[in-house]
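Q: The file below is my_file33.pdb, PDB, C-alpha atoms:
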```pdb
ATOM      1  CA  MET A  12      13.226  23.052 -26.165
ATOM      2  CA  ALA A  13      10.102  24.702 -24.760
ATOM      3  CA  SER A  14      10.171  27.793 -22.585
ATOM      4  CA  TRP A  15       7.893  28.889 -19.750
ATOM      5  CA  ASN A  16       4.684  30.709 -20.648
ATOM      6  CA  SER A  17       4.040  32.077 -17.160
ATOM      7  CA  ILE A  18       6.633  33.530 -14.804
ATOM      8  CA  PRO A  19       4.498  32.895 -11.664
ATOM      9  CA  LEU A  20       4.143  29.232 -12.666
ATOM     10  CA  GLU A  21       7.875  29.018 -13.292
ATOM     11  CA  VAL A  22       8.509  30.416  -9.802
ATOM     12  CA  ALA A  23       5.974  27.968  -8.351
ATOM     13  CA  TYR A  24       7.698  25.123 -10.219
ATOM     14  CA  GLU A  25      11.095  26.002  -8.777
ATOM     15  CA  THR A  26       9.606  26.494  -5.305
ATOM     16  CA  MET A  27       7.849  23.117  -5.296
ATOM     17  CA  GLY A  28      10.948  21.444  -6.682
ATOM     18  CA  TRP A  29      13.253  22.747  -4.004
ATOM     19  CA  LEU A  30      10.640  22.080  -1.308
ATOM     20  CA  ALA A  31      10.620  18.468  -2.451
ATOM     21  CA  PHE A  32      14.417  18.463  -2.473
ATOM     22  CA  PHE A  33      14.779  19.801   1.069
ATOM     23  CA  SER A  34      11.975  17.610   2.440
ATOM     24  CA  TRP A  35      13.369  14.430   0.883
ATOM     25  CA  SER A  36      16.958  15.338   1.726
ATOM     26  CA  ILE A  37      16.286  16.251   5.357
ATOM     27  CA  SER A  38      14.206  13.079   5.717
ATOM     28  CA  PHE A  39      17.427  11.036   5.840
ATOM     29  CA  TYR A  40      18.762  12.811   8.916
ATOM     30  CA  PRO A  41      16.266  11.759  11.644
ATOM     31  CA  GLN A  42      17.237   8.088  11.154
ATOM     32  CA  VAL A  43      20.960   8.868  11.060
ATOM     33  CA  ILE A  44      20.667  11.008  14.212
ATOM     34  CA  LEU A  45      18.536   8.376  15.970
ATOM     35  CA  ASN A  46      21.128   5.700  15.201
ATOM     36  CA  PHE A  47      23.927   7.964  16.444
ATOM     37  CA  ARG A  48      22.175   8.792  19.718
ATOM     38  CA  ARG A  49      21.243   5.182  20.449
ATOM     39  CA  LYS A  50      24.545   3.794  19.130
ATOM     40  CA  SER A  51      22.284   1.076  17.810
ATOM     41  CA  VAL A  52      20.448   0.202  14.597
ATOM     42  CA  VAL A  53      18.081  -2.302  16.187
ATOM     43  CA  GLY A  54      14.632  -1.722  14.729
ATOM     44  CA  LEU A  55      15.932  -0.459  11.384
ATOM     45  CA  ASN A  56      15.547  -3.097   8.695
ATOM     46  CA  PHE A  57      18.875  -3.696   6.935
ATOM     47  CA  ASP A  58      17.257  -4.910   3.725
ATOM     48  CA  PHE A  59      15.439  -1.562   3.486
ATOM     49  CA  VAL A  60      18.776   0.261   3.561
ATOM     50  CA  VAL A  61      20.639  -1.888   1.030
ATOM     51  CA  LEU A  62      17.693  -1.860  -1.386
ATOM     52  CA  ASN A  63      17.397   1.882  -0.893
ATOM     53  CA  LEU A  64      21.044   2.402  -1.843
ATOM     54  CA  THR A  65      20.524   0.564  -5.125
ATOM     55  CA  LYS A  66      17.359   2.537  -5.752
ATOM     56  CA  HIS A  67      18.954   5.942  -5.251
ATOM     57  CA  SER A  68      22.079   4.979  -7.199
ATOM     58  CA  SER A  69      20.020   4.002 -10.245
ATOM     59  CA  TYR A  70      17.916   7.156  -9.865
ATOM     60  CA  LEU A  71      21.074   9.293  -9.761
ATOM     61  CA  ILE A  72      22.324   7.693 -12.969
ATOM     62  CA  TYR A  73      19.017   8.491 -14.689
ATOM     63  CA  ASN A  74      18.724  12.078 -13.434
ATOM     64  CA  ALA A  75      22.342  13.086 -14.006
ATOM     65  CA  SER A  76      22.453  11.510 -17.468
ATOM     66  CA  LEU A  77      19.271  13.172 -18.726
ATOM     67  CA  TYR A  78      20.098  16.536 -17.136
ATOM     68  CA  PHE A  79      23.723  16.856 -18.280
ATOM     69  CA  SER A  80      23.979  14.822 -21.497
ATOM     70  CA  SER A  81      23.038  16.727 -24.649
ATOM     71  CA  ALA A  82      23.047  13.469 -26.636
ATOM     72  CA  ILE A  83      20.426  11.911 -24.358
ATOM     73  CA  GLN A  84      18.384  15.114 -24.365
ATOM     74  CA  LYS A  85      18.386  15.037 -28.181
ATOM     75  CA  GLN A  86      17.066  11.460 -28.136
ATOM     76  CA  TYR A  87      14.401  12.520 -25.644
ATOM     77  CA  PHE A  88      13.216  15.401 -27.847
ATOM     78  CA  GLU A  89      13.188  13.142 -30.903
ATOM     79  CA  LYS A  90      10.890  10.763 -29.052
ATOM     80  CA  TYR A  91       8.563  13.194 -27.251
ATOM     81  CA  GLY A  92       8.906  16.347 -29.363
ATOM     82  CA  TYR A  93      11.155  19.392 -29.352
ATOM     83  CA  GLY A  94       8.358  21.460 -27.880
ATOM     84  CA  GLU A  95       8.628  19.602 -24.565
ATOM     85  CA  MET A  96      10.814  20.261 -21.541
ATOM     86  CA  ILE A  97      13.070  17.580 -20.117
ATOM     87  CA  PRO A  98      11.367  16.136 -17.019
ATOM     88  CA  VAL A  99      14.468  16.405 -14.811
ATOM     89  CA  ALA A 100      15.336  19.553 -12.863
ATOM     90  CA  ALA A 101      18.476  20.567 -10.972
ATOM     91  CA  ASN A 102      16.817  19.695  -7.670
ATOM     92  CA  ASP A 103      16.324  16.101  -8.897
ATOM     93  CA  VAL A 104      20.048  15.698  -9.494
ATOM     94  CA  ALA A 105      20.903  17.344  -6.181
ATOM     95  CA  PHE A 106      18.479  15.126  -4.295
ATOM     96  CA  SER A 107      19.762  11.909  -5.884
ATOM     97  CA  THR A 108      23.372  12.776  -5.090
ATOM     98  CA  HIS A 109      22.542  13.626  -1.496
ATOM     99  CA  ALA A 110      20.386  10.489  -1.117
ATOM    100  CA  VAL A 111      23.189   8.170  -2.211
ATOM    101  CA  LEU A 112      25.580   9.808   0.265
ATOM    102  CA  LEU A 113      23.216   9.666   3.255
ATOM    103  CA  THR A 114      22.108   6.101   2.528
ATOM    104  CA  ALA A 115      25.754   5.072   2.386
ATOM    105  CA  ILE A 116      26.298   6.717   5.795
ATOM    106  CA  THR A 117      23.321   4.789   7.207
ATOM    107  CA  LEU A 118      24.809   1.579   5.800
ATOM    108  CA  PHE A 119      28.091   2.420   7.520
ATOM    109  CA  GLN A 120      26.205   2.892  10.807
ATOM    110  CA  ILE A 121      24.829  -0.622  10.425
ATOM    111  CA  VAL A 122      28.405  -1.881  10.283
ATOM    112  CA  ILE A 123      29.714  -0.019  13.345
ATOM    113  CA  TYR A 124      26.712   0.137  15.714
ATOM    114  CA  GLU A 125      25.031  -2.513  17.856
ATOM    115  CA  ARG A 126      22.589  -4.468  15.704
ATOM    116  CA  GLY A 127      21.492  -7.383  17.862
ATOM    117  CA  SER A 128      20.587 -10.477  15.869
ATOM    118  CA  GLN A 129      19.586  -8.533  12.764
ATOM    119  CA  LYS A 130      21.371  -9.179   9.476
ATOM    120  CA  PHE A 131      20.971  -8.758   5.726
ATOM    121  CA  SER A 132      18.768 -11.375   4.115
ATOM    122  CA  LYS A 133      20.025 -13.514   1.255
ATOM    123  CA  ILE A 134      16.979 -12.464  -0.745
ATOM    124  CA  SER A 135      17.859  -8.758  -0.656
ATOM    125  CA  ILE A 136      21.507  -9.435  -1.499
ATOM    126  CA  GLY A 137      20.396 -11.645  -4.387
ATOM    127  CA  ILE A 138      18.020  -8.947  -5.679
ATOM    128  CA  VAL A 139      20.739  -6.288  -5.593
ATOM    129  CA  CYS A 140      23.230  -8.512  -7.445
ATOM    130  CA  ALA A 141      20.617  -9.483 -10.058
ATOM    131  CA  VAL A 142      19.615  -5.847 -10.643
ATOM    132  CA  TRP A 143      23.167  -4.663 -11.288
ATOM    133  CA  LEU A 144      23.828  -7.682 -13.500
ATOM    134  CA  VAL A 145      20.796  -6.762 -15.633
ATOM    135  CA  ALA A 146      21.997  -3.145 -15.771
ATOM    136  CA  ALA A 147      25.432  -4.283 -16.995
ATOM    137  CA  VAL A 148      23.886  -6.468 -19.691
ATOM    138  CA  CYS A 149      21.671  -3.577 -20.841
ATOM    139  CA  PHE A 150      24.699  -1.289 -21.033
ATOM    140  CA  PHE A 151      26.463  -3.601 -23.474
ATOM    141  CA  MET A 152      23.251  -3.982 -25.467
ATOM    142  CA  ALA A 153      22.887  -0.187 -25.791
ATOM    143  CA  LEU A 154      26.550   0.446 -26.582
ATOM    144  CA  PRO A 155      26.632  -0.494 -30.310
ATOM    145  CA  SER A 156      23.611   1.647 -31.284
ATOM    146  CA  HIS A 157      24.148   4.373 -28.648
ATOM    147  CA  SER A 158      20.622   3.843 -27.333
ATOM    148  CA  TRP A 159      21.327   5.935 -24.257
ATOM    149  CA  LEU A 160      17.742   7.080 -23.661
ATOM    150  CA  TRP A 161      16.640   3.458 -23.621
ATOM    151  CA  LEU A 162      19.486   2.595 -21.256
ATOM    152  CA  ILE A 163      18.690   5.299 -18.707
ATOM    153  CA  SER A 164      15.019   4.307 -18.943
ATOM    154  CA  ILE A 165      16.180   0.902 -17.697
ATOM    155  CA  PHE A 166      17.787   2.595 -14.684
ATOM    156  CA  ASN A 167      14.577   4.547 -14.193
ATOM    157  CA  SER A 168      12.624   1.280 -14.217
ATOM    158  CA  ILE A 169      15.096  -0.183 -11.720
ATOM    159  CA  GLN A 170      14.538   2.671  -9.289
ATOM    160  CA  VAL A 171      10.759   2.222  -9.595
ATOM    161  CA  PHE A 172      11.090  -1.515  -8.946
ATOM    162  CA  MET A 173      13.377  -0.921  -5.966
ATOM    163  CA  THR A 174      10.996   1.729  -4.608
ATOM    164  CA  ILE A 175       8.159  -0.812  -4.688
ATOM    165  CA  ILE A 176      10.024  -3.509  -2.810
ATOM    166  CA  LYS A 177      12.339  -1.522  -0.501
ATOM    167  CA  TYR A 178       9.580  -0.537   1.945
ATOM    168  CA  ILE A 179       8.183  -4.055   2.299
ATOM    169  CA  PRO A 180      10.871  -5.463   4.674
ATOM    170  CA  GLN A 181      10.462  -2.537   7.097
ATOM    171  CA  ALA A 182       6.659  -2.714   7.011
ATOM    172  CA  VAL A 183       6.753  -6.463   7.667
ATOM    173  CA  MET A 184       9.312  -6.021  10.451
ATOM    174  CA  ASN A 185       7.109  -3.419  12.158
ATOM    175  CA  PHE A 186       4.174  -5.830  11.886
ATOM    176  CA  MET A 187       6.142  -8.761  13.330
ATOM    177  CA  ARG A 188       7.522  -6.674  16.220
ATOM    178  CA  LYS A 189       4.216  -4.820  16.730
ATOM    179  CA  SER A 190       6.410  -1.769  17.181
ATOM    180  CA  THR A 191       8.112   1.003  15.222
ATOM    181  CA  ASP A 192      10.811   1.604  17.857
ATOM    182  CA  GLY A 193      14.159   2.238  16.186
ATOM    183  CA  PHE A 194      12.540   3.412  12.932
ATOM    184  CA  SER A 195      12.311   7.197  12.739
ATOM    185  CA  ILE A 196       8.847   8.567  11.949
ATOM    186  CA  GLY A 197      10.462  11.924  11.137
ATOM    187  CA  ASN A 198      11.902  10.285   8.036
ATOM    188  CA  ILE A 199       8.395   9.269   6.940
ATOM    189  CA  LEU A 200       6.727  12.637   7.569
ATOM    190  CA  LEU A 201       9.345  14.506   5.552
ATOM    191  CA  ASP A 202       9.275  11.876   2.822
ATOM    192  CA  PHE A 203       5.497  12.332   2.560
ATOM    193  CA  LEU A 204       5.871  16.105   2.236
ATOM    194  CA  GLY A 205       8.500  15.630  -0.461
ATOM    195  CA  GLY A 206       6.238  13.314  -2.442
ATOM    196  CA  VAL A 207       3.344  15.776  -2.366
ATOM    197  CA  ALA A 208       5.621  18.684  -3.373
ATOM    198  CA  ASN A 209       7.057  16.588  -6.203
ATOM    199  CA  TYR A 210       3.595  15.938  -7.632
ATOM    200  CA  ALA A 211       2.752  19.621  -7.287
ATOM    201  CA  GLN A 212       5.908  20.551  -9.239
ATOM    202  CA  MET A 213       5.021  18.210 -12.093
ATOM    203  CA  ALA A 214       1.437  19.474 -12.168
ATOM    204  CA  VAL A 215       2.600  23.116 -12.371
ATOM    205  CA  GLN A 216       4.816  22.308 -15.356
ATOM    206  CA  SER A 217       1.962  20.458 -17.084
ATOM    207  CA  ILE A 218      -0.433  23.359 -16.546
ATOM    208  CA  ASP A 219       2.045  25.869 -17.974
ATOM    209  CA  GLN A 220       2.827  23.754 -21.037
ATOM    210  CA  ASN A 221      -0.746  22.531 -21.451
ATOM    211  CA  SER A 222       0.695  19.029 -21.766
ATOM    212  CA  TRP A 223       0.885  16.055 -19.428
ATOM    213  CA  VAL A 224       3.772  14.384 -21.233
ATOM    214  CA  ASN A 225       6.129  15.018 -18.304
ATOM    215  CA  PHE A 226       4.059  12.578 -16.226
ATOM    216  CA  TYR A 227       4.400   9.661 -18.645
ATOM    217  CA  GLY A 228       7.663  10.936 -20.173
ATOM    218  CA  ASN A 229       9.238  10.468 -16.725
ATOM    219  CA  ILE A 230       7.088   7.638 -15.434
ATOM    220  CA  GLY A 231       9.758   6.800 -12.853
ATOM    221  CA  LYS A 232       9.393  10.134 -11.098
ATOM    222  CA  THR A 233       5.604   9.816 -11.213
ATOM    223  CA  LEU A 234       5.560   6.317  -9.720
ATOM    224  CA  LEU A 235       8.293   7.223  -7.229
ATOM    225  CA  SER A 236       6.093   9.841  -5.600
ATOM    226  CA  LEU A 237       2.953   7.710  -5.725
ATOM    227  CA  ILE A 238       4.559   4.627  -4.163
ATOM    228  CA  SER A 239       6.396   6.677  -1.537
ATOM    229  CA  ILE A 240       3.191   8.452  -0.479
ATOM    230  CA  LEU A 241       1.261   5.172  -0.178
ATOM    231  CA  PHE A 242       3.929   3.511   1.981
ATOM    232  CA  ASP A 243       4.380   6.684   4.038
ATOM    233  CA  LEU A 244       0.665   6.538   4.871
ATOM    234  CA  LEU A 245       1.087   2.888   5.879
ATOM    235  CA  PHE A 246       4.046   3.693   8.156
ATOM    236  CA  MET A 247       2.173   6.607   9.742
ATOM    237  CA  CYS A 248      -0.742   4.271  10.393
ATOM    238  CA  GLN A 249       1.600   1.739  12.012
ATOM    239  CA  HIS A 250       3.339   4.359  14.153
ATOM    240  CA  TYR A 251       0.386   6.427  15.351
ATOM    241  CA  ILE A 252      -2.552   3.984  15.247
ATOM    242  CA  LEU A 253      -1.538   0.312  15.207
ATOM    243  CA  TYR A 254       1.666   0.338  17.260
ATOM    244  CA  PRO A 255       1.864   3.638  19.170
ATOM    245  CA  ALA A 256       4.863   4.103  21.444
ATOM    246  CA  LYS A 257       4.163   3.024  24.996
ATOM    247  CA  LYS A 258       4.318   5.858  27.479
ATOM    248  CA  GLU A 259       6.664   5.257  30.363
ATOM    249  CA  VAL A 260       4.979   5.167  33.750
ATOM    250  CA  ILE A 261       6.707   7.694  35.991
ATOM    251  CA  SER A 262       6.513   6.543  39.612
ATOM    252  CA  ARG A 263       6.586   9.126  42.441
ATOM    253  CA  LYS A 264       9.648   8.919  44.629
ATOM    254  CA  PRO A 265       8.711   7.877  48.160
ATOM    255  CA  GLY A 266       8.701  10.771  50.599
ATOM    256  CA  LYS A 267       9.452  10.776  54.306
ATOM    257  CA  GLU A 268       5.844  10.116  55.194
ATOM    258  CA  ASP A 269       5.816   7.053  52.924
ATOM    259  CA  LEU A 270       8.789   5.540  54.739
ATOM    260  CA  GLU A 271       7.266   5.890  58.220
ATOM    261  CA  PRO A 272       5.359   2.814  59.508
ATOM    262  CA  LEU A 273       1.612   3.081  59.914
ATOM    263  CA  VAL A 274       1.900   2.146  63.562
ATOM    264  CA  LYS A 275       4.756   3.690  65.547
ATOM    265  CA  PRO A 276       6.577   1.450  68.075
ATOM    266  CA  SER A 277       5.399   3.547  71.073
ATOM    267  CA  GLU A 278       1.796   3.343  69.974
ATOM    268  CA  GLU A 279       2.138  -0.398  69.429
ATOM    269  CA  SER A 280       3.449  -1.005  72.990
ATOM    270  CA  GLN A 281       0.617   1.063  74.512
ATOM    271  CA  SER A 282      -1.964  -0.977  72.677
ATOM    272  CA  ASP A 283      -0.386  -4.204  73.994
ATOM    273  CA  ASN A 284      -0.627  -2.954  77.606
ATOM    274  CA  VAL A 285      -4.306  -2.221  77.187
TER
END
```
Could you render the structure as C-alpha cells?

A:
Amino acid sequence: MASWNSIPLEVAYETMGWLAFFSWSISFYPQVILNFRRKSVVGLNFDFVVLNLTKHSSYLIYNASLYFSSAIQKQYFEKYGYGEMIPVAANDVAFSTHAVLLTAITLFQIVIYERGSQKFSKISIGIVCAVWLVAAVCFFMALPSHSWLWLISIFNSIQVFMTIIKYIPQAVMNFMRKSTDGFSIGNILLDFLGGVANYAQMAVQSIDQNSWVNFYGNIGKTLLSLISILFDLLFMCQHYILYPAKKEVISRKPGKEDLEPLVKPSEESQSDNV
C-alpha cells in the first residue's frame, strides 16, 4: 500500500475530507429542523427521501466493506496495483453511516407529520424493490468465487444510479408547484460545499501520488460529487431565480387618525345649515 509523499498534501487531504464530511452531514439537519418546526412535510418529495435511503445504504455497504475488509482491499490492490491507496477514507464511512441515520429520521417524520395529499409513488417503490432484488442476486453470484470487490462495485453502481434519479422527483415537484416552499435550501448549499470539498480531496491525493487512478478506481465517489453538484446548481436556480420566496406584505396597523372620519359630525351639520 502506498504512503504519502508530502505531509502538507496529506494534511490538506484530511482537511478536505472532513470538510466534505461535515458539510454533507450537516446538510441533512436543515430539512429535519424545518419539518419539526412546521410539523409538516408538505413540499418535501417523498420519493426523494425513499430513493435517498437506498442510495446511502448501498454507499455505506461499499465504503465500510472496502475500508474495513482486508480481503476486499487485497482484491483491490491486485486489480489496480499495490502501489495505490484505497479510495475510501474514514470520513467516507462516517458520512455514510450518518446519512443513513438522518435519512431514516426524515422518513419517520413523513410518517408522523402532516403531509397533505402527498404519498409515495408506485414507481419509486418499484425501483427500490428491484434494486435490492438485483443486489441479492449479485450476492449469491459472488458467493461461490468470493468476488467481493465485484460485489461492492455493484453497490457502488447502485448508489450512482440512485444519485442520478433521486433528485428528479423533487426538481419536477418544484417545477409543478412553481415553488420551493417546504424544501430546505440550506440542505442544498451544504451539499454543494461537500461535493466541491470531496473533489478537492481526491485531487490532492492524485497530485501526491502522481496518479489519477483514485478517480476511476472509485468511479462512484467521482460521479456522486459531479451529479450532486449539478443538481445542487439546479435547485439553487429554482430557489433563488425561478421560484423565489414571496415576501409577505406587512400592512401598517391603523392609528387613531386613520379611524377618525374625514368629516366630523359637527362640521357636517354646520355645512347643512349654510

Q: Which value, in Å to one decimal, gives the distance between CA of Phe242 in chain A and CA of Ile176 in chain A?

A: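 Result for CA of Phe242 in chain A versus CA of Ile176 in chain A: 10.5 Å, one decimal.
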
Q: If you measure from CA of Leu30 in chain A to CA of Ile199 in chain A, what distance in Å do you get, rounded to one decimal?

A: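 A separation of 15.4 Å between them.
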
Q: Select from range 34-132 of chain A every residue with an atom at most 7 Å from any atom of range 202-207 of chain A, then for each give the shortest pair of atoms and their distance in Å to one decimal, using only C-alpha atoms, rows by chain and rising number, as CSV.

A:
```
residue,atom,partner,partner_atom,distance
A:Ser34,CA,A:Gly205,CA,4.9
A:Trp35,CA,A:Gly205,CA,5.2
A:Ser38,CA,A:Asp202,CA,5.8
```

Q: With all atoms listed in the file as the counted atoms, please give the residues lying no more than 12 Å from range 177-190 of chain A, apart from itself and same-chain residues fewer than 4 positions off, as a VMD selection string.

A: chain A and resid 53 to 67 129 131 to 132 134 to 135 138 to 139 169 to 173 194 to 196 199 235 238 to 257

Q: Could you list, as a ChimeraX atom specification, every residue matched by the PyMOL selection byres ((chain A and resi 124) around 8) in this structure?

A: /A:46,50-52,120-123,125-126

Q: For a quick check of understanding, using only C-alpha atoms, which of A:Thr26, A:Gln212, A:Asn198, A:Gln84 has the smallest distance to Asn225 in chain A?

A: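 When distances to Asn225 in chain A are compared using only C-alpha atoms, the smallest one comes from A:Gln212.
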
Q: Of the residues A:Val22, A:Ala105, A:Ala31, A:Ile83, which is the one nearest to Leu160 in chain A, using all atoms listed in the file?

A: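 Comparing A:Val22, A:Ala105, A:Ala31, A:Ile83 against Leu160 in chain A, the winner is A:Ile83.
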
Q: Excluding same-chain residues fewer than 2 positions from Ile230 in chain A, what lies within 10 Å of it counting all atoms listed in the file, as an NGL selection string?

A: :A and (98 or 164 or 167-168 or 171 or 224-228 or 232-235)

Q: Can you pull out every residue within 12 Å of Gly94 in chain A, counting all atoms listed in the file, but drop anything in the same chain fewer than 3 positions away, and send it as a PyMOL selection string?

A: chain A and resi 12-15+85+87-91+97+220-222+224-225

Q: Mind dumping the selected residues with C-alpha atoms as a PDB file, keeping the file's coordinate frame?

A:
```pdb
ATOM      1  CA  MET A  12      13.226  23.052 -26.165  1.00  0.00           C
ATOM      2  CA  ALA A  13      10.102  24.702 -24.760  1.00  0.00           C
ATOM      3  CA  SER A  14      10.171  27.793 -22.585  1.00  0.00           C
ATOM      4  CA  TRP A  15       7.893  28.889 -19.750  1.00  0.00           C
ATOM      5  CA  LYS A  85      18.386  15.037 -28.181  1.00  0.00           C
ATOM      6  CA  TYR A  87      14.401  12.520 -25.644  1.00  0.00           C
ATOM      7  CA  PHE A  88      13.216  15.401 -27.847  1.00  0.00           C
ATOM      8  CA  GLU A  89      13.188  13.142 -30.903  1.00  0.00           C
ATOM      9  CA  LYS A  90      10.890  10.763 -29.052  1.00  0.00           C
ATOM     10  CA  TYR A  91       8.563  13.194 -27.251  1.00  0.00           C
ATOM     11  CA  ILE A  97      13.070  17.580 -20.117  1.00  0.00           C
ATOM     12  CA  GLN A 220       2.827  23.754 -21.037  1.00  0.00           C
ATOM     13  CA  ASN A 221      -0.746  22.531 -21.451  1.00  0.00           C
ATOM     14  CA  SER A 222       0.695  19.029 -21.766  1.00  0.00           C
ATOM     15  CA  VAL A 224       3.772  14.384 -21.233  1.00  0.00           C
ATOM     16  CA  ASN A 225       6.129  15.018 -18.304  1.00  0.00           C
TER      17      ASN A 225
END
```

Q: Grab the CA of Arg49 in chain A to CA of Phe33 in chain A distance for me, in Å with one decimal place.

A: 25.1 Å

Q: Would you give the centre and edge lengths, in Å to one decimal, of a box along x, y and z around the listed atoms of range 151-164 of chain A, with 5 Å added to each side, as JSON?

A:
```
{"center_x": 20.8, "center_y": 1.5, "center_z": -25.0, "size_x": 21.6, "size_y": 21.1, "size_z": 22.6}
```

Q: If we count only C-alpha atoms, what is near Asn102 in chain A at a cut-off of 8 Å, once residues fewer than 2 positions away on the same chain are taken out, given as a list of chain:residue names?

A: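 Counting only C-alpha atoms, the residues come to A:Gly28, A:Trp29, A:Phe32, A:Ala100, A:Val104, A:Ala105, A:Phe106.
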
Q: With C-alpha atoms kept, could you save the residues just selected as a tab-separated table (two decimals), in the frame of the given file?

A:
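Listed below is the output, part_28.tsv:
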```tsv
chain	number	residue	atom	x	y	z
A	28	GLY	CA	10.95	21.44	-6.68
A	29	TRP	CA	13.25	22.75	-4.00
A	32	PHE	CA	14.42	18.46	-2.47
A	100	ALA	CA	15.34	19.55	-12.86
A	104	VAL	CA	20.05	15.70	-9.49
A	105	ALA	CA	20.90	17.34	-6.18
A	106	PHE	CA	18.48	15.13	-4.30
```

Q: A:Tyr78, A:Tyr24, A:Phe166, A:Tyr73: which is nearest Val142 in chain A, counting only C-alpha atoms?

A: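 Among the listed residues, A:Phe166 lies closest to Val142 in chain A.
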
Q: Could you pull the residues within 8 Å of Asn74 in chain A, counting all atoms listed in the file, minus those fewer than 5 positions along the same chain, as a PDB file with C-alpha atoms, keeping the file's coordinate frame?

A:
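Saved as result.pdb:
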```pdb
ATOM      1  CA  VAL A  99      14.468  16.405 -14.811  1.00  0.00           C
ATOM      2  CA  ASP A 103      16.324  16.101  -8.897  1.00  0.00           C
ATOM      3  CA  VAL A 104      20.048  15.698  -9.494  1.00  0.00           C
ATOM      4  CA  SER A 107      19.762  11.909  -5.884  1.00  0.00           C
TER       5      SER A 107
END
```

Q: Of the residues A:Ala82, A:Leu71, A:Ile218, A:Leu237, which is the one nearest to Ala23 in chain A, using all atoms listed in the file?

A: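 Nearest to Ala23 in chain A: A:Ile218.
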
Q: Go through A:Phe119, A:Trp223, A:Phe151, A:Tyr210 and flag the residue nearest Ser236 in chain A, using only C-alpha atoms for the distances.

A: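 Among A:Phe119, A:Trp223, A:Phe151, A:Tyr210, it is A:Tyr210 that comes nearest to Ser236 in chain A.
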
Q: Run the PyMOL selection byres ((chain A and resi 159) around 10) on the file and write out the hits as a list in words.

A: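 That selection, the PyMOL selection byres ((chain A and resi 159) around 10), comes back as Ser76, Leu77, Ser80, Ala82, Ile83, Gln84, Gln86, Tyr87, Phe150, Ala153, Leu154, Ser156, His157, Ser158, Leu160, Trp161, Leu162, Ile163, Ser164 and Ile165 of chain A.
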
Q: Closest to Lys130 in chain A among A:Trp143, A:Leu118, A:Gln216, A:Thr191, using only C-alpha atoms?

A: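 Residue with the minimum atom-to-atom distance to Lys130 in chain A: A:Leu118.
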
Q: Just add all heavy atoms to range 87-91 of chain A and send it as an mmCIF file, in the frame of the given file.

A:
```
data_model
loop_
_atom_site.group_PDB
_atom_site.id
_atom_site.type_symbol
_atom_site.label_atom_id
_atom_site.label_comp_id
_atom_site.auth_asym_id
_atom_site.auth_seq_id
_atom_site.Cartn_x
_atom_site.Cartn_y
_atom_site.Cartn_z
ATOM 1 N N TYR A 87 15.681 12.298 -26.340
ATOM 2 C CA TYR A 87 14.401 12.520 -25.644
ATOM 3 C C TYR A 87 13.481 13.401 -26.481
ATOM 4 O O TYR A 87 12.284 13.110 -26.647
ATOM 5 C CB TYR A 87 14.650 13.163 -24.274
ATOM 6 C CG TYR A 87 13.385 13.432 -23.485
ATOM 7 C CD1 TYR A 87 12.840 12.449 -22.663
ATOM 8 C CD2 TYR A 87 12.723 14.651 -23.588
ATOM 9 C CE1 TYR A 87 11.672 12.681 -21.954
ATOM 10 C CE2 TYR A 87 11.554 14.893 -22.884
ATOM 11 C CZ TYR A 87 11.034 13.897 -22.055
ATOM 12 O OH TYR A 87 9.864 14.131 -21.364
ATOM 13 N N PHE A 88 14.024 14.485 -27.038
ATOM 14 C CA PHE A 88 13.216 15.401 -27.847
ATOM 15 C C PHE A 88 12.742 14.726 -29.135
ATOM 16 O O PHE A 88 11.635 14.985 -29.619
ATOM 17 C CB PHE A 88 14.010 16.666 -28.167
ATOM 18 C CG PHE A 88 14.314 17.515 -26.967
ATOM 19 C CD1 PHE A 88 15.562 18.099 -26.807
ATOM 20 C CD2 PHE A 88 13.347 17.724 -25.989
ATOM 21 C CE1 PHE A 88 15.836 18.879 -25.696
ATOM 22 C CE2 PHE A 88 13.620 18.503 -24.878
ATOM 23 C CZ PHE A 88 14.870 19.081 -24.723
ATOM 24 N N GLU A 89 13.587 13.860 -29.693
ATOM 25 C CA GLU A 89 13.188 13.142 -30.903
ATOM 26 C C GLU A 89 12.027 12.190 -30.620
ATOM 27 O O GLU A 89 11.196 11.932 -31.505
ATOM 28 C CB GLU A 89 14.377 12.358 -31.461
ATOM 29 C CG GLU A 89 15.456 13.243 -32.076
ATOM 30 C CD GLU A 89 16.669 12.454 -32.515
ATOM 31 O OE1 GLU A 89 16.762 11.251 -32.160
ATOM 32 O OE2 GLU A 89 17.551 13.035 -33.196
ATOM 33 N N LYS A 90 11.957 11.704 -29.407
ATOM 34 C CA LYS A 90 10.890 10.763 -29.052
ATOM 35 C C LYS A 90 9.619 11.474 -28.623
ATOM 36 O O LYS A 90 8.514 11.083 -29.027
ATOM 37 C CB LYS A 90 11.377 9.840 -27.926
ATOM 38 C CG LYS A 90 10.335 8.810 -27.509
ATOM 39 C CD LYS A 90 10.892 7.844 -26.461
ATOM 40 C CE LYS A 90 9.840 6.804 -26.074
ATOM 41 N NZ LYS A 90 10.371 5.834 -25.079
ATOM 42 N N TYR A 91 9.739 12.536 -27.822
ATOM 43 C CA TYR A 91 8.563 13.194 -27.251
ATOM 44 C C TYR A 91 8.248 14.555 -27.887
ATOM 45 O O TYR A 91 7.212 15.136 -27.601
ATOM 46 C CB TYR A 91 8.737 13.367 -25.743
ATOM 47 C CG TYR A 91 8.796 12.048 -24.998
ATOM 48 C CD1 TYR A 91 10.012 11.555 -24.522
ATOM 49 C CD2 TYR A 91 7.644 11.299 -24.780
ATOM 50 C CE1 TYR A 91 10.074 10.343 -23.844
ATOM 51 C CE2 TYR A 91 7.692 10.088 -24.099
ATOM 52 C CZ TYR A 91 8.911 9.623 -23.637
ATOM 53 O OH TYR A 91 8.954 8.424 -22.969
#
```
